[in-house]
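Peer 1: Okay, handing you the structure first.
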Amino acid sequence: MDGKVSSNFIDYCSIILLYLIIINYYSIKLDIMKQLLLLSLAIIMTLPSFSQSNKEEIDLIQAAFGMEKKAIVANFVKPSDAQKDAFWKLYDAYETERKELGKQRLDLLVQYGEQYMKMTSEQADAWTKEVIELQKKTDKLIGTYYHKIKGVSDGLVATQFYQIENYILATIRLQVLHEVPFVVTK
């Protein structure tokens, strides 16, 4: 960043901080469902600010959510002591790749937000094709890491990983779909 911090970014960080305080306060009492709901609400409440966010802000936001997401995953995925190091090493590699896809997803949301009121048929078609391809890449990434994790642990741990990742993605996708307006027809 160039020394200036946008008010949108400050608002976003405030929401993240509030989320972190709530999660830490209720850490053991909140089940995964409630943690994901809070995470989803924080993301949805700040979607409008993404259209004015720069790359550094997105990187910082993803880093903050990545840490909290890892805590959620740790509450759900239970590798044995012998499997833990290998699992978390693979999980960190997965998160690095997933975050790149997340940046692309944010870019597509920003693009949609700027165009949905005046999208041409060609723009809508191109945008939708990009969304479909990105979803395929995300699903393929989860499947790839399912097999890698199964190779260093067992079927239970790999299935827990697969379930929680899909649950988190589905929850966030549903919230985004709920908040994003439909394309306007002319």
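Each chain in the structure tokens gets a letter, A, B and so on, in the order shown; residues start at 1 in every chain, and ligands are counted from 1 in the order they appear.
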List as an NGL selection string the protein and nucleic acid residues near region 138-148 of chain A, meaning an atom at most 12 Å away when only C-alpha atoms are counted, but skip any in the same chain fewer than 5 places from it.

Peer 2: :A and (86-105 or 131-133 or 153-170)

Peer 1: Could you save the residues just selected, with N, CA and C atoms, as a compact mmCIF listing (two decimals), in the first residue's frame?

Peer 2:
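Printed below is out16.txt as written:
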# COMPACT_ATOMS: atom_id res chain seq x y z
N ALA A 86 2.23 -34.15 8.34
CA ALA A 86 2.03 -34.35 6.91
C ALA A 86 0.71 -33.72 6.45
N PHE A 87 -0.34 -33.88 7.28
CA PHE A 87 -1.64 -33.29 6.92
C PHE A 87 -1.53 -31.78 6.81
N TRP A 88 -0.99 -31.12 7.85
CA TRP A 88 -0.95 -29.66 7.85
C TRP A 88 -0.02 -29.11 6.77
N LYS A 89 1.01 -29.84 6.44
CA LYS A 89 1.88 -29.41 5.34
C LYS A 89 1.09 -29.40 4.03
N LEU A 90 0.34 -30.47 3.78
CA LEU A 90 -0.49 -30.53 2.58
C LEU A 90 -1.62 -29.49 2.64
N TYR A 91 -2.20 -29.31 3.80
CA TYR A 91 -3.29 -28.34 3.92
C TYR A 91 -2.79 -26.93 3.60
N ASP A 92 -1.60 -26.59 4.09
CA ASP A 92 -1.04 -25.26 3.79
C ASP A 92 -0.79 -25.10 2.30
N ALA A 93 -0.32 -26.15 1.65
CA ALA A 93 -0.11 -26.10 0.19
C ALA A 93 -1.46 -25.93 -0.52
N TYR A 94 -2.46 -26.65 -0.05
CA TYR A 94 -3.81 -26.51 -0.61
C TYR A 94 -4.31 -25.08 -0.46
N GLU A 95 -4.17 -24.52 0.73
CA GLU A 95 -4.65 -23.16 0.98
C GLU A 95 -3.96 -22.14 0.07
N THR A 96 -2.68 -22.33 -0.19
CA THR A 96 -1.96 -21.42 -1.09
C THR A 96 -2.61 -21.44 -2.48
N GLU A 97 -2.90 -22.63 -2.98
CA GLU A 97 -3.53 -22.75 -4.30
C GLU A 97 -4.98 -22.25 -4.26
N ARG A 98 -5.70 -22.55 -3.19
CA ARG A 98 -7.09 -22.13 -3.08
C ARG A 98 -7.22 -20.61 -3.03
N LYS A 99 -6.27 -19.96 -2.34
CA LYS A 99 -6.32 -18.51 -2.23
C LYS A 99 -6.15 -17.84 -3.59
N GLU A 100 -5.35 -18.43 -4.45
CA GLU A 100 -5.21 -17.89 -5.81
C GLU A 100 -6.54 -17.96 -6.55
N LEU A 101 -7.23 -19.08 -6.40
CA LEU A 101 -8.55 -19.20 -7.01
C LEU A 101 -9.53 -18.23 -6.35
N GLY A 102 -9.38 -18.01 -5.06
CA GLY A 102 -10.23 -17.05 -4.35
C GLY A 102 -10.04 -15.64 -4.87
N LYS A 103 -8.82 -15.27 -5.19
CA LYS A 103 -8.57 -13.95 -5.77
C LYS A 103 -9.28 -13.82 -7.12
N GLN A 104 -9.23 -14.87 -7.90
CA GLN A 104 -9.92 -14.85 -9.20
C GLN A 104 -11.43 -14.72 -8.99
N ARG A 105 -11.96 -15.41 -7.98
CA ARG A 105 -13.38 -15.33 -7.69
C ARG A 105 -13.76 -13.91 -7.27
N VAL A 131 -16.90 -18.13 -14.52
CA VAL A 131 -17.35 -18.62 -13.21
C VAL A 131 -17.41 -20.15 -13.21
N ILE A 132 -17.95 -20.73 -14.28
CA ILE A 132 -18.05 -22.19 -14.38
C ILE A 132 -16.66 -22.82 -14.38
N GLU A 133 -15.74 -22.27 -15.15
CA GLU A 133 -14.37 -22.80 -15.19
C GLU A 133 -13.69 -22.69 -13.83
N SER A 153 -2.43 -39.91 5.24
CA SER A 153 -3.20 -40.17 6.46
C SER A 153 -4.08 -41.40 6.22
N ASP A 154 -5.38 -41.19 6.20
CA ASP A 154 -6.30 -42.30 5.92
C ASP A 154 -7.58 -41.75 5.33
N GLY A 155 -8.50 -42.64 5.00
CA GLY A 155 -9.75 -42.24 4.37
C GLY A 155 -10.63 -41.36 5.24
N LEU A 156 -10.59 -41.55 6.55
CA LEU A 156 -11.39 -40.72 7.45
C LEU A 156 -10.92 -39.28 7.46
N VAL A 157 -9.62 -39.07 7.59
CA VAL A 157 -9.07 -37.71 7.61
C VAL A 157 -9.30 -37.04 6.26
N ALA A 158 -9.07 -37.77 5.18
CA ALA A 158 -9.27 -37.21 3.84
C ALA A 158 -10.74 -36.84 3.62
N THR A 159 -11.64 -37.67 4.11
CA THR A 159 -13.07 -37.38 3.97
C THR A 159 -13.47 -36.18 4.82
N GLN A 160 -12.91 -36.07 6.03
CA GLN A 160 -13.18 -34.90 6.87
C GLN A 160 -12.73 -33.63 6.15
N PHE A 161 -11.53 -33.67 5.55
CA PHE A 161 -11.03 -32.53 4.78
C PHE A 161 -12.01 -32.20 3.66
N TYR A 162 -12.39 -33.20 2.88
CA TYR A 162 -13.29 -33.01 1.74
C TYR A 162 -14.62 -32.41 2.20
N GLN A 163 -15.16 -32.94 3.28
CA GLN A 163 -16.46 -32.47 3.76
C GLN A 163 -16.39 -31.02 4.24
N ILE A 164 -15.40 -30.69 5.05
CA ILE A 164 -15.37 -29.33 5.60
C ILE A 164 -15.06 -28.30 4.52
N GLU A 165 -14.19 -28.63 3.58
CA GLU A 165 -13.90 -27.69 2.50
C GLU A 165 -15.13 -27.44 1.64
N ASN A 166 -15.85 -28.50 1.31
CA ASN A 166 -17.07 -28.33 0.52
C ASN A 166 -18.15 -27.61 1.30
N TYR A 167 -18.23 -27.88 2.58
CA TYR A 167 -19.22 -27.19 3.41
C TYR A 167 -18.92 -25.69 3.49
N ILE A 168 -17.67 -25.35 3.71
CA ILE A 168 -17.29 -23.94 3.78
C ILE A 168 -17.58 -23.26 2.44
N LEU A 169 -17.14 -23.87 1.35
CA LEU A 169 -17.38 -23.28 0.03
C LEU A 169 -18.87 -23.14 -0.27
N ALA A 170 -19.65 -24.17 0.02
CA ALA A 170 -21.08 -24.12 -0.25
C ALA A 170 -21.76 -23.02 0.58

Peer 1: Which residues are close to Val184 (chain A), i.e. within 10 Å by only C-alpha atoms, leaving aside same-chain residues fewer than 6 positions away? Reply as number ranges by chain.

Peer 2: A: 115-120

Peer 1: Produce a file of the selected residues containing C-alpha atoms, as a JSON list (two decimals), in the first residue's frame.

Peer 2:
[["chain", "number", "residue", "atom", "x", "y", "z"],
["A", 115, "GLN", "CA", -21.35, -4.59, -15.08],
["A", 116, "TYR", "CA", -24.54, -6.35, -13.97],
["A", 117, "MET", "CA", -26.78, -3.34, -14.66],
["A", 118, "LYS", "CA", -25.51, -2.93, -18.21],
["A", 119, "MET", "CA", -24.16, -6.35, -19.22],
["A", 120, "THR", "CA", -24.51, -7.34, -22.82]]
